[in-house]
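entry.pdb (PDB, C-alpha atoms)
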```
MODEL        1
ATOM      1  CA  MET A   1     106.539 138.473  75.137
ATOM      2  CA  LYS A   2     104.242 135.573  74.373
ATOM      3  CA  THR A   3     100.662 135.594  75.624
ATOM      4  CA  TYR A   4      98.573 132.427  75.619
ATOM      5  CA  VAL A   5      94.867 132.081  76.346
ATOM      6  CA  ILE A   6      93.466 128.743  77.527
ATOM      7  CA  GLY A   7      89.809 127.769  77.109
ATOM      8  CA  ASP A   8      87.438 126.485  79.797
ATOM      9  CA  LEU A   9      89.139 124.023  82.184
ATOM     10  CA  GLN A  10      86.040 123.092  84.210
ATOM     11  CA  GLY A  11      88.032 121.079  86.721
ATOM     12  CA  CYS A  12      90.052 119.021  84.208
ATOM     13  CA  HIS A  13      93.288 119.189  86.164
ATOM     14  CA  GLU A  14      95.461 116.672  84.301
ATOM     15  CA  GLN A  15      94.614 118.261  80.969
ATOM     16  CA  ALA A  16      95.406 121.701  82.408
ATOM     17  CA  LEU A  17      98.861 120.500  83.472
ATOM     18  CA  ALA A  18      99.455 119.016  80.014
ATOM     19  CA  ILE A  19      98.477 122.172  78.105
ATOM     20  CA  LEU A  20     100.596 124.302  80.430
ATOM     21  CA  ASP A  21     103.608 122.103  79.630
ATOM     22  CA  ARG A  22     102.932 122.550  75.908
ATOM     23  CA  ILE A  23     102.674 126.312  76.335
ATOM     24  CA  ARG A  24     105.982 126.522  78.173
ATOM     25  CA  ALA A  25     107.674 124.390  75.515
ATOM     26  CA  HIS A  26     106.315 126.550  72.690
ATOM     27  CA  ALA A  27     107.340 129.750  74.458
ATOM     28  CA  ALA A  28     110.815 128.379  75.131
ATOM     29  CA  GLU A  29     111.274 127.710  71.407
ATOM     30  CA  SER A  30     110.902 131.479  70.945
ATOM     31  CA  GLY A  31     113.297 132.247  73.775
ATOM     32  CA  VAL A  32     110.535 133.247  76.210
ATOM     33  CA  ALA A  33     111.102 131.784  79.670
ATOM     34  CA  GLU A  34     108.009 133.196  81.366
ATOM     35  CA  PRO A  35     105.026 133.585  79.031
ATOM     36  CA  ALA A  36     101.850 135.375  80.013
ATOM     37  CA  ILE A  37      99.019 132.874  80.446
ATOM     38  CA  LEU A  38      95.360 133.857  80.651
ATOM     39  CA  PHE A  39      92.389 131.587  81.318
ATOM     40  CA  ALA A  40      88.990 132.178  79.721
ATOM     41  CA  GLY A  41      87.026 131.462  82.906
ATOM     42  CA  ASP A  42      85.115 128.434  84.182
ATOM     43  CA  LEU A  43      88.211 127.091  85.859
ATOM     44  CA  ILE A  44      86.001 124.765  87.875
ATOM     45  CA  ASN A  45      82.862 122.615  87.948
ATOM     46  CA  ARG A  46      81.603 119.639  85.949
ATOM     47  CA  GLY A  47      85.067 118.079  85.632
ATOM     48  CA  PRO A  48      86.714 115.528  87.946
ATOM     49  CA  ASP A  49      89.080 117.698  90.022
ATOM     50  CA  SER A  50      87.890 121.250  90.577
ATOM     51  CA  LEU A  51      89.849 121.643  93.802
ATOM     52  CA  SER A  52      93.265 120.730  92.377
ATOM     53  CA  THR A  53      92.589 122.811  89.267
ATOM     54  CA  LEU A  54      91.699 125.915  91.246
ATOM     55  CA  ARG A  55      94.576 125.485  93.663
ATOM     56  CA  HIS A  56      97.061 125.114  90.820
ATOM     57  CA  VAL A  57      95.888 128.109  88.799
ATOM     58  CA  ARG A  58      95.763 130.279  91.918
ATOM     59  CA  LYS A  59      99.299 129.244  92.902
ATOM     60  CA  LEU A  60     100.620 129.980  89.427
ATOM     61  CA  ALA A  61      98.883 133.349  89.295
ATOM     62  CA  MET A  62     100.056 134.471  92.708
ATOM     63  CA  ALA A  63     103.676 133.645  91.864
ATOM     64  CA  SER A  64     103.615 135.168  88.374
ATOM     65  CA  GLY A  65     103.851 138.881  89.106
ATOM     66  CA  GLY A  66     100.700 139.488  87.075
ATOM     67  CA  LEU A  67     101.651 137.371  84.056
ATOM     68  CA  ILE A  68      99.010 134.713  84.809
ATOM     69  CA  ASP A  69      95.352 135.434  85.477
ATOM     70  CA  SER A  70      91.812 134.325  84.671
ATOM     71  CA  VAL A  71      88.557 136.074  83.908
ATOM     72  CA  LEU A  72      85.416 135.015  85.743
ATOM     73  CA  GLY A  73      83.058 132.525  84.147
ATOM     74  CA  ASN A  74      79.494 131.613  85.042
ATOM     75  CA  HIS A  75      80.629 128.469  86.899
ATOM     76  CA  ASP A  76      83.123 130.495  88.926
ATOM     77  CA  LEU A  77      80.370 132.938  89.890
ATOM     78  CA  HIS A  78      78.066 130.035  90.746
ATOM     79  CA  MET A  79      80.708 128.699  93.133
ATOM     80  CA  LEU A  80      80.829 132.102  94.834
ATOM     81  CA  ALA A  81      77.053 132.149  95.199
ATOM     82  CA  VAL A  82      77.104 128.681  96.775
ATOM     83  CA  ALA A  83      80.025 129.587  99.047
ATOM     84  CA  TYR A  84      78.187 132.677 100.314
ATOM     85  CA  GLY A  85      74.973 130.727 100.927
ATOM     86  CA  ILE A  86      73.033 132.408  98.130
ATOM     87  CA  ARG A  87      72.423 129.304  95.997
ATOM     88  CA  PRO A  88      72.363 125.550  96.623
ATOM     89  CA  GLU A  89      74.681 123.212  94.797
ATOM     90  CA  HIS A  90      73.330 121.628  91.606
ATOM     91  CA  LYS A  91      73.283 117.854  91.186
ATOM     92  CA  SER A  92      75.853 118.161  88.417
ATOM     93  CA  ASP A  93      78.249 120.349  90.425
ATOM     94  CA  THR A  94      81.721 119.158  91.356
ATOM     95  CA  LEU A  95      82.351 121.910  93.893
ATOM     96  CA  ALA A  96      82.076 120.048  97.214
ATOM     97  CA  GLU A  97      85.826 119.544  97.589
ATOM     98  CA  ILE A  98      86.409 123.272  97.229
ATOM     99  CA  LEU A  99      83.634 124.213  99.632
ATOM    100  CA  HIS A 100      84.944 121.831 102.308
ATOM    101  CA  ALA A 101      88.669 122.351 101.734
ATOM    102  CA  PRO A 102      90.848 123.655 104.587
ATOM    103  CA  ASP A 103      91.925 126.526 102.307
ATOM    104  CA  ARG A 104      88.358 127.246 101.155
ATOM    105  CA  ASP A 105      88.396 130.864 102.341
ATOM    106  CA  GLU A 106      91.617 131.647 100.490
ATOM    107  CA  LEU A 107      90.338 130.014  97.309
ATOM    108  CA  VAL A 108      86.974 131.785  97.432
ATOM    109  CA  ASP A 109      88.621 135.136  98.122
ATOM    110  CA  TRP A 110      90.987 134.687  95.179
ATOM    111  CA  VAL A 111      88.124 133.838  92.816
ATOM    112  CA  ARG A 112      86.035 136.844  93.818
ATOM    113  CA  ARG A 113      88.953 139.156  93.034
ATOM    114  CA  ARG A 114      89.365 137.949  89.469
ATOM    115  CA  PRO A 115      88.543 140.369  86.641
ATOM    116  CA  LEU A 116      85.471 140.055  84.459
ATOM    117  CA  ALA A 117      87.467 141.118  81.391
ATOM    118  CA  ILE A 118      91.156 141.504  80.561
ATOM    119  CA  ARG A 119      92.697 143.617  77.818
ATOM    120  CA  SER A 120      95.942 142.379  76.283
ATOM    121  CA  GLY A 121      97.026 144.739  73.533
ATOM    122  CA  ALA A 122      94.392 144.630  70.797
ATOM    123  CA  HIS A 123      92.689 141.639  72.442
ATOM    124  CA  ILE A 124      89.868 141.615  74.981
ATOM    125  CA  LEU A 125      89.377 138.400  76.942
ATOM    126  CA  VAL A 126      85.938 137.719  78.386
ATOM    127  CA  HIS A 127      84.256 134.441  79.304
ATOM    128  CA  ALA A 128      81.160 134.613  77.078
ATOM    129  CA  GLY A 129      80.679 137.730  74.984
ATOM    130  CA  LEU A 130      80.147 141.457  74.572
ATOM    131  CA  LEU A 131      76.882 143.136  73.712
ATOM    132  CA  PRO A 132      76.898 144.745  70.248
ATOM    133  CA  GLN A 133      76.224 148.190  71.720
ATOM    134  CA  TRP A 134      79.539 148.198  73.595
ATOM    135  CA  THR A 135      82.896 149.406  72.357
ATOM    136  CA  GLY A 136      85.909 147.610  73.735
ATOM    137  CA  ALA A 137      86.730 150.536  76.005
ATOM    138  CA  GLN A 138      83.168 150.701  77.318
ATOM    139  CA  ALA A 139      83.153 146.960  77.984
ATOM    140  CA  MET A 140      86.321 147.220  80.059
ATOM    141  CA  ALA A 141      84.833 150.069  82.101
ATOM    142  CA  LEU A 142      81.606 148.143  82.688
ATOM    143  CA  ALA A 143      83.555 145.066  83.753
ATOM    144  CA  GLY A 144      85.247 147.268  86.334
ATOM    145  CA  GLU A 145      81.882 148.190  87.861
ATOM    146  CA  VAL A 146      81.109 144.526  88.528
ATOM    147  CA  GLN A 147      84.622 143.819  89.779
ATOM    148  CA  ASP A 148      84.301 146.591  92.365
ATOM    149  CA  MET A 149      81.129 144.999  93.754
ATOM    150  CA  LEU A 150      82.581 141.489  93.887
ATOM    151  CA  ARG A 151      85.674 142.730  95.704
ATOM    152  CA  GLY A 152      83.758 144.880  98.167
ATOM    153  CA  ASP A 153      82.139 144.238 101.532
ATOM    154  CA  GLY A 154      78.681 143.927  99.968
ATOM    155  CA  ILE A 155      79.473 140.859  97.883
ATOM    156  CA  ALA A 156      76.789 138.663  99.482
ATOM    157  CA  GLU A 157      74.066 141.216  98.776
ATOM    158  CA  PHE A 158      75.342 141.602  95.235
ATOM    159  CA  LEU A 159      75.355 137.845  94.589
ATOM    160  CA  ALA A 160      71.788 137.611  95.873
ATOM    161  CA  GLU A 161      70.701 140.063  93.151
ATOM    162  CA  MET A 162      72.897 138.613  90.402
ATOM    163  CA  TYR A 163      70.498 135.956  89.097
ATOM    164  CA  GLY A 164      67.821 136.511  86.472
ATOM    165  CA  ASN A 165      67.512 137.064  82.721
ATOM    166  CA  GLU A 166      66.257 140.640  82.861
ATOM    167  CA  PRO A 167      67.014 143.194  81.664
ATOM    168  CA  ALA A 168      67.803 141.325  78.456
ATOM    169  CA  GLN A 169      68.935 144.434  76.572
ATOM    170  CA  TRP A 170      71.533 147.034  77.437
ATOM    171  CA  SER A 171      70.742 150.683  78.030
ATOM    172  CA  ASP A 172      73.229 153.262  79.242
ATOM    173  CA  GLY A 173      70.520 154.401  81.636
ATOM    174  CA  LEU A 174      70.401 151.113  83.556
ATOM    175  CA  GLN A 175      71.235 151.515  87.222
ATOM    176  CA  GLY A 176      71.813 149.434  90.334
ATOM    177  CA  ALA A 177      71.286 145.685  90.307
ATOM    178  CA  ASP A 178      69.679 145.738  86.842
ATOM    179  CA  ARG A 179      72.759 147.361  85.343
ATOM    180  CA  LEU A 180      75.219 144.979  86.982
ATOM    181  CA  ARG A 181      73.101 141.909  86.182
ATOM    182  CA  CYS A 182      72.977 142.854  82.513
ATOM    183  CA  ILE A 183      76.762 143.258  82.412
ATOM    184  CA  ILE A 184      77.374 139.923  84.129
ATOM    185  CA  ASN A 185      74.880 138.085  81.936
ATOM    186  CA  ALA A 186      76.524 139.386  78.779
ATOM    187  CA  MET A 187      80.085 138.705  79.842
ATOM    188  CA  THR A 188      79.520 135.271  81.417
ATOM    189  CA  ARG A 189      76.400 133.782  79.755
ATOM    190  CA  LEU A 190      75.805 135.348  76.325
ATOM    191  CA  ARG A 191      75.659 133.234  73.177
ATOM    192  CA  PHE A 192      72.797 134.446  71.005
ATOM    193  CA  CYS A 193      71.089 137.801  70.721
ATOM    194  CA  THR A 194      68.959 139.750  68.263
ATOM    195  CA  ALA A 195      70.267 142.450  65.942
ATOM    196  CA  ASP A 196      69.170 144.949  68.616
ATOM    197  CA  GLY A 197      71.212 143.191  71.274
ATOM    198  CA  VAL A 198      68.365 141.455  73.116
ATOM    199  CA  MET A 199      69.977 138.455  74.820
ATOM    200  CA  ASP A 200      68.594 134.927  74.627
ATOM    201  CA  PHE A 201      69.537 132.353  77.264
ATOM    202  CA  LYS A 202      67.406 129.416  76.134
ATOM    203  CA  MET A 203      69.548 128.161  73.251
ATOM    204  CA  LYS A 204      72.633 126.380  74.629
ATOM    205  CA  GLU A 205      73.098 123.165  72.697
ATOM    206  CA  SER A 206      73.776 124.657  69.273
ATOM    207  CA  GLY A 207      76.280 126.891  67.553
ATOM    208  CA  THR A 208      73.697 128.208  65.085
ATOM    209  CA  ALA A 209      70.156 129.579  65.273
ATOM    210  CA  ASP A 210      67.238 129.230  62.880
ATOM    211  CA  PRO A 211      67.010 132.563  60.991
ATOM    212  CA  SER A 212      63.275 132.654  61.724
ATOM    213  CA  THR A 213      64.052 133.263  65.416
ATOM    214  CA  GLY A 214      65.802 136.560  64.694
ATOM    215  CA  LEU A 215      68.724 135.313  66.800
ATOM    216  CA  MET A 216      72.367 135.233  65.822
ATOM    217  CA  PRO A 217      75.692 134.713  67.581
ATOM    218  CA  TRP A 218      76.536 137.932  69.413
ATOM    219  CA  PHE A 219      79.705 138.370  67.327
ATOM    220  CA  ASP A 220      77.753 138.267  64.046
ATOM    221  CA  VAL A 221      75.522 141.254  64.839
ATOM    222  CA  PRO A 222      75.988 143.825  62.048
ATOM    223  CA  GLY A 223      77.760 146.934  63.277
ATOM    224  CA  ARG A 224      79.024 145.346  66.507
ATOM    225  CA  ARG A 225      80.963 148.168  68.138
ATOM    226  CA  SER A 226      83.703 145.974  69.622
ATOM    227  CA  ALA A 227      84.704 144.653  66.187
ATOM    228  CA  ARG A 228      87.870 146.774  66.152
ATOM    229  CA  ASP A 229      89.219 144.634  68.971
ATOM    230  CA  THR A 230      89.889 140.910  68.796
ATOM    231  CA  VAL A 231      87.529 139.361  71.335
ATOM    232  CA  VAL A 232      88.722 136.123  72.919
ATOM    233  CA  PHE A 233      86.185 133.985  74.769
ATOM    234  CA  GLY A 234      85.165 130.500  75.899
ATOM    235  CA  HIS A 235      81.806 129.335  77.296
ATOM    236  CA  TRP A 236      80.300 128.006  74.058
ATOM    237  CA  SER A 237      81.342 124.373  73.613
ATOM    238  CA  ALA A 238      78.593 123.767  71.022
ATOM    239  CA  LEU A 239      80.216 126.453  68.873
ATOM    240  CA  GLY A 240      83.646 124.923  69.324
ATOM    241  CA  LEU A 241      86.969 126.315  68.268
ATOM    242  CA  LYS A 242      86.621 129.354  66.019
ATOM    243  CA  MET A 243      89.557 131.454  64.879
ATOM    244  CA  GLU A 244      88.817 134.529  62.785
ATOM    245  CA  ALA A 245      90.540 137.849  62.203
ATOM    246  CA  ASN A 246      88.913 139.604  65.163
ATOM    247  CA  LEU A 247      87.563 136.611  67.069
ATOM    248  CA  LEU A 248      88.930 133.637  69.016
ATOM    249  CA  ALA A 249      86.439 131.145  70.494
ATOM    250  CA  LEU A 250      88.345 128.658  72.643
ATOM    251  CA  ASP A 251      85.839 126.379  74.388
ATOM    252  CA  SER A 252      86.409 123.174  72.427
ATOM    253  CA  GLY A 253      84.547 120.957  74.889
ATOM    254  CA  CYS A 254      87.276 119.661  77.195
ATOM    255  CA  VAL A 255      84.856 118.298  79.791
ATOM    256  CA  TRP A 256      82.631 116.779  77.072
ATOM    257  CA  GLY A 257      85.383 114.654  75.508
ATOM    258  CA  GLY A 258      86.700 117.300  73.121
ATOM    259  CA  GLN A 259      89.958 119.194  73.397
ATOM    260  CA  LEU A 260      91.456 121.721  75.752
ATOM    261  CA  SER A 261      92.625 124.536  73.482
ATOM    262  CA  ALA A 262      95.182 127.298  73.928
ATOM    263  CA  VAL A 263      96.184 129.990  71.432
ATOM    264  CA  CYS A 264      99.241 132.226  71.350
ATOM    265  CA  LEU A 265      97.901 135.710  70.687
ATOM    266  CA  GLU A 266     101.065 136.952  68.977
ATOM    267  CA  ASP A 267     101.336 134.292  66.250
ATOM    268  CA  ARG A 268      98.003 132.389  66.451
ATOM    269  CA  THR A 269      99.699 129.073  67.210
ATOM    270  CA  LEU A 270      97.056 126.585  68.344
ATOM    271  CA  LEU A 271      97.930 124.075  71.062
ATOM    272  CA  GLN A 272      95.452 121.343  72.011
ATOM    273  CA  GLU A 273      95.158 118.467  74.440
ATOM    274  CA  GLN A 274      92.672 115.651  73.841
ATOM    275  CA  CYS A 275      90.380 115.052  76.818
ATOM    276  CA  PRO A 276      88.388 112.083  78.126
ATOM    277  CA  GLN A 277      84.620 112.485  78.208
ATOM    278  CA  PHE A 278      83.923 113.417  81.813
ATOM    279  CA  LYS A 279      80.325 114.543  81.222
ATOM    280  CA  GLN A 280      77.568 113.283  78.913
ATOM    281  CA  PRO A 281      75.758 115.945  76.870
ATOM    282  CA  LYS A 282      72.089 116.397  77.712
ATOM    283  CA  GLN A 283      69.766 114.611  75.356
ATOM    284  CA  ALA A 284      67.227 116.743  73.478
TER
ENDMDL
END
```

Let me see the structure of the file written as structure tokens.
Amino acid sequence: MKTYVIGDLQGCHEQALAILDRIRAHAAESGVAEPAILFAGDLINRGPDSLSTLRHVRKLAMASGGLIDSVLGNHDLHMLAVAYGIRPEHKSDTLAEILHAPDRDELVDWVRRRPLAIRSGAHILVHAGLLPQWTGAQAMALAGEVQDMLRGDGIAEFLAEMYGNEPAQWSDGLQGADRLRCIINAMTRLRFCTADGVMDFKMKESGTADPSTGLMPWFDVPGRRSARDTVVFGHWSALGLKMEANLLALDSGCVWGGQLSAVCLEDRTLLQEQCPQFKQPKQA
């Protein structure tokens, strides 16, 4: 078996097709006809063709017998909130084609049934990060709590309570909307936190923090309890590609003119596709 994880697509359909071709070629060299392919979330939004990207990934996943799947990213959740009338579209969104497509309902339903985290052997795939208080097993269980809500009849009510930055720190005693919001924020938005696991959502345009702030990348927190697993994630284009013993960061800025990256989990082969600059970074 070969398992490949692809970083944030964000609606870059042509680049997605190209990296998928490279994955199949690499797998075939090892005698693997049907590799497992996982996406790190943010399949859509910001890029030029969110509709074709989502349709293609959904089609592949549905025909794969479980070999192909994607975790949910913050842009995927935002699309759900817009589709259910909870949030308006942003000026920078490229979601209109999805929301007005004849197969909109099927696409939206498929997205809401995606997992928040996926375990593949010793690897845990999540869009953004894991709080330092969580073990890998605990993180998977907590992801399941959110998945149950998104797949249930009360999804609209849940999405209406999903937004907000509080509580910024995990406690096992959290309940209800506060508990689920904290889980979602960590798994789809987290970049920096304090040594105590207090999340910060203000710093987005950097891969490092001034030590005077007390902030650090979530994966650098001393004693992080998920360190026994290899955490694979996207979301953080300012951090870029990062490959360490127990860490794979795969958002290499496809939509910003960087690369679309994919890694084979079994042998750490890196496959990349250069991308045009579809979006201009915000100026400080």

Go ahead and fit an axis-aligned box to every listed atom of range 124-143 of chain A plus 5 Å each side, and pass me the centre and edge lengths in Å, one decimal, as JSON.
```
{"center_x": 83.0, "center_y": 142.6, "center_z": 77.0, "size_x": 23.6, "size_y": 26.3, "size_z": 23.5}
```

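Minimum atom-to-atom distance to Thr230 in chain A, evaluated using all atoms listed in the file, belongs to A:Gly129 out of A:Pro167, A:Asp148, A:Gly129, A:Ser252.
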
- Task: Take CA of Asp21 in chain A and CA of Thr3 in chain A and report the distance between them in Å, one decimal.
- Result: 14.4 Å

- Name the residues captured by the PyMOL selection byres ((chain A and resi 120) around 12) when it is applied to the shown file; answer as a ChimeraX atom specification. /A:1-5,36-38,67-69,117-119,121-126,136,140,229-232,264-266

Export, as an mmCIF file, keeping the file's coordinate frame, the selected residues with C-alpha atoms.
```cif
data_model
loop_
_atom_site.group_PDB
_atom_site.id
_atom_site.type_symbol
_atom_site.label_atom_id
_atom_site.label_comp_id
_atom_site.auth_asym_id
_atom_site.auth_seq_id
_atom_site.Cartn_x
_atom_site.Cartn_y
_atom_site.Cartn_z
ATOM 1 C CA MET A 1 106.539 138.473 75.137
ATOM 2 C CA LYS A 2 104.242 135.573 74.373
ATOM 3 C CA THR A 3 100.662 135.594 75.624
ATOM 4 C CA TYR A 4 98.573 132.427 75.619
ATOM 5 C CA VAL A 5 94.867 132.081 76.346
ATOM 6 C CA ALA A 36 101.850 135.375 80.013
ATOM 7 C CA ILE A 37 99.019 132.874 80.446
ATOM 8 C CA LEU A 38 95.360 133.857 80.651
ATOM 9 C CA LEU A 67 101.651 137.371 84.056
ATOM 10 C CA ILE A 68 99.010 134.713 84.809
ATOM 11 C CA ASP A 69 95.352 135.434 85.477
ATOM 12 C CA ALA A 117 87.467 141.118 81.391
ATOM 13 C CA ILE A 118 91.156 141.504 80.561
ATOM 14 C CA ARG A 119 92.697 143.617 77.818
ATOM 15 C CA GLY A 121 97.026 144.739 73.533
ATOM 16 C CA ALA A 122 94.392 144.630 70.797
ATOM 17 C CA HIS A 123 92.689 141.639 72.442
ATOM 18 C CA ILE A 124 89.868 141.615 74.981
ATOM 19 C CA LEU A 125 89.377 138.400 76.942
ATOM 20 C CA VAL A 126 85.938 137.719 78.386
ATOM 21 C CA GLY A 136 85.909 147.610 73.735
ATOM 22 C CA MET A 140 86.321 147.220 80.059
ATOM 23 C CA ASP A 229 89.219 144.634 68.971
ATOM 24 C CA THR A 230 89.889 140.910 68.796
ATOM 25 C CA VAL A 231 87.529 139.361 71.335
ATOM 26 C CA VAL A 232 88.722 136.123 72.919
ATOM 27 C CA CYS A 264 99.241 132.226 71.350
ATOM 28 C CA LEU A 265 97.901 135.710 70.687
ATOM 29 C CA GLU A 266 101.065 136.952 68.977
#
```

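The interatomic distance for the pair CA of His127 in chain A and CA of Gly7 in chain A works out to 9.0 Å.
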
Is there a way to complete range 102-114 of chain A with N, CA, C and O atoms and then write that out as an mmCIF file, in the frame of the given file?
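Below is the file rebuild32.cif, written as the result:
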```cif
data_model
loop_
_atom_site.group_PDB
_atom_site.id
_atom_site.type_symbol
_atom_site.label_atom_id
_atom_site.label_comp_id
_atom_site.auth_asym_id
_atom_site.auth_seq_id
_atom_site.Cartn_x
_atom_site.Cartn_y
_atom_site.Cartn_z
ATOM 1 N N PRO A 102 90.294 122.833 103.505
ATOM 2 C CA PRO A 102 90.848 123.655 104.587
ATOM 3 C C PRO A 102 91.248 125.053 104.138
ATOM 4 O O PRO A 102 91.263 125.988 104.951
ATOM 5 N N ASP A 103 91.558 125.211 102.851
ATOM 6 C CA ASP A 103 91.925 126.526 102.307
ATOM 7 C C ASP A 103 90.770 127.151 101.530
ATOM 8 O O ASP A 103 90.985 128.016 100.666
ATOM 9 N N ARG A 104 89.558 126.738 101.844
ATOM 10 C CA ARG A 104 88.358 127.246 101.155
ATOM 11 C C ARG A 104 88.322 128.764 101.126
ATOM 12 O O ARG A 104 88.069 129.370 100.082
ATOM 13 N N ASP A 105 88.530 129.408 102.275
ATOM 14 C CA ASP A 105 88.396 130.864 102.341
ATOM 15 C C ASP A 105 89.382 131.561 101.418
ATOM 16 O O ASP A 105 89.032 132.550 100.746
ATOM 17 N N GLU A 106 90.608 131.057 101.357
ATOM 18 C CA GLU A 106 91.617 131.647 100.490
ATOM 19 C C GLU A 106 91.250 131.460 99.020
ATOM 20 O O GLU A 106 91.419 132.374 98.200
ATOM 21 N N LEU A 107 90.729 130.291 98.692
ATOM 22 C CA LEU A 107 90.338 130.014 97.309
ATOM 23 C C LEU A 107 89.166 130.895 96.884
ATOM 24 O O LEU A 107 89.169 131.481 95.794
ATOM 25 N N VAL A 108 88.154 130.979 97.742
ATOM 26 C CA VAL A 108 86.974 131.785 97.432
ATOM 27 C C VAL A 108 87.366 133.257 97.295
ATOM 28 O O VAL A 108 86.903 133.950 96.378
ATOM 29 N N ASP A 109 88.215 133.730 98.178
ATOM 30 C CA ASP A 109 88.621 135.136 98.122
ATOM 31 C C ASP A 109 89.393 135.423 96.840
ATOM 32 O O ASP A 109 89.211 136.475 96.214
ATOM 33 N N TRP A 110 90.239 134.484 96.417
ATOM 34 C CA TRP A 110 90.987 134.687 95.179
ATOM 35 C C TRP A 110 90.039 134.738 93.981
ATOM 36 O O TRP A 110 90.179 135.606 93.109
ATOM 37 N N VAL A 111 89.064 133.855 93.938
ATOM 38 C CA VAL A 111 88.124 133.838 92.816
ATOM 39 C C VAL A 111 87.350 135.146 92.740
ATOM 40 O O VAL A 111 87.181 135.728 91.664
ATOM 41 N N ARG A 112 86.872 135.641 93.870
ATOM 42 C CA ARG A 112 86.035 136.844 93.818
ATOM 43 C C ARG A 112 86.810 138.097 93.398
ATOM 44 O O ARG A 112 86.210 139.098 93.016
ATOM 45 N N ARG A 113 88.115 138.020 93.428
ATOM 46 C CA ARG A 113 88.953 139.156 93.034
ATOM 47 C C ARG A 113 89.446 139.064 91.588
ATOM 48 O O ARG A 113 90.214 139.914 91.144
ATOM 49 N N ARG A 114 88.976 138.065 90.865
ATOM 50 C CA ARG A 114 89.365 137.949 89.469
ATOM 51 C C ARG A 114 88.610 138.961 88.616
ATOM 52 O O ARG A 114 87.473 139.320 88.911
#
```
